[in-house]
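Asker: The structure follows.
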Amino acid sequence: MASTASAKSTEAAVKQTAKSVEHQTRKVADTARELKHSSARIEDSADRTTVLAADRNILASERTYAAWVRTGLLALAGGIGARALKDVPNWLVLANGTLLIGFSLFCFGAAVWRHFHPGPPPPSPSVKVMPWPALVVANAVLAMIAVGALVMLWSIPPPS
């Protein structure tokens, strides 16, 4: 009888161990599936982060372009406004106006150059990049206006 009880007890222990192993195996399989799904989400998230970084690079480049153009326009306005100075020697007015208008020409050129040479190539963005012909034409027009202002600065006699 003792051997029968011991056999039943051993059999129950084996069944309990088998159930426990089966339960742990299911848990490990579930964890593996969750890990695989989680790693796919992380990979998708990293791809999205890369795209967002590329978008930020494009937008930063456009802000830099706008800053160069804004600086050039202010220098151009200052160069044209130099003619309005009174009680200042004419040579100083011409020098100041020429320097400011020349700086505006530099800014218009630097804006286009800086926009097309931002540094290391970023990943592919999801936002549209400003078309280069529009930038070149806009800055060429601004440069012609600056040259015209320079010619006018030198050709109009100083106010009396």
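Each chain in the structure tokens gets a letter, A, B, ..., in the order shown, and its residues are numbered from 1; ligands are numbered from 1 in order too.
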Which neighbours of A:Thr64 fall inside 8 Å, counting only C-alpha atoms, when residues of the same chain fewer than 3 positions from it are skipped, and could you give them as a ChimeraX atom specification?
Answerer: /A:60-61,67-68,111,114-115
Asker: Write to file, as a compact mmCIF listing (two decimals), in the first residue's frame, the residues of the selection just made, with C-alpha atoms.
Answerer:
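Saved file selection-v5.txt follows:
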# COMPACT_ATOMS: atom_id res chain seq x y z
CA ALA A 60 15.90 74.96 -39.91
CA SER A 61 17.52 75.47 -43.31
CA ALA A 67 17.46 85.15 -41.66
CA TRP A 68 20.08 85.81 -44.36
CA ALA A 111 21.37 82.85 -48.34
CA ARG A 114 23.82 78.26 -47.34
CA HIS A 115 20.43 76.83 -48.27
Asker: Considering only helix (DSSP H, G or I) as DSSP defines it on the backbone, what residues of stretch 102-153 of chain A qualify? List them as an MDAnalysis selection string.
Answerer: chainID A and resid 102:116 132:153
Asker: So, counting only C-alpha atoms, which residue among A:Val88, A:Leu135, A:Ile145, A:Ala75 is closest to A:Pro158?
Answerer: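 Among the listed residues, A:Val88 lies closest to A:Pro158.
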Asker: If I take atom CA of A:Arg70 and atom CA of A:Cys107, how far is one from the other in Å, to one decimal?
Answerer: 8.7 Å
Asker: Applying 9 Å and only C-alpha atoms, which residues near A:Phe103 remain after dropping the ones on its own chain fewer than 5 positions away? List them as a PyMOL selection string.
Answerer: chain A and resi 72+75-76+98+108
Asker: Could you tell me which of A:Val127, A:Ala82, A:Ala138, A:Ile101 comes closest to A:Tyr65 if we count only C-alpha atoms?
Answerer: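 Residue with the minimum atom-to-atom distance to A:Tyr65: A:Ala138.
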Asker: Using only C-alpha atoms, which of A:Thr31, A:Asn139, A:Gln24, A:Ser6 sits nearest A:Ala66?
Answerer: A:Asn139
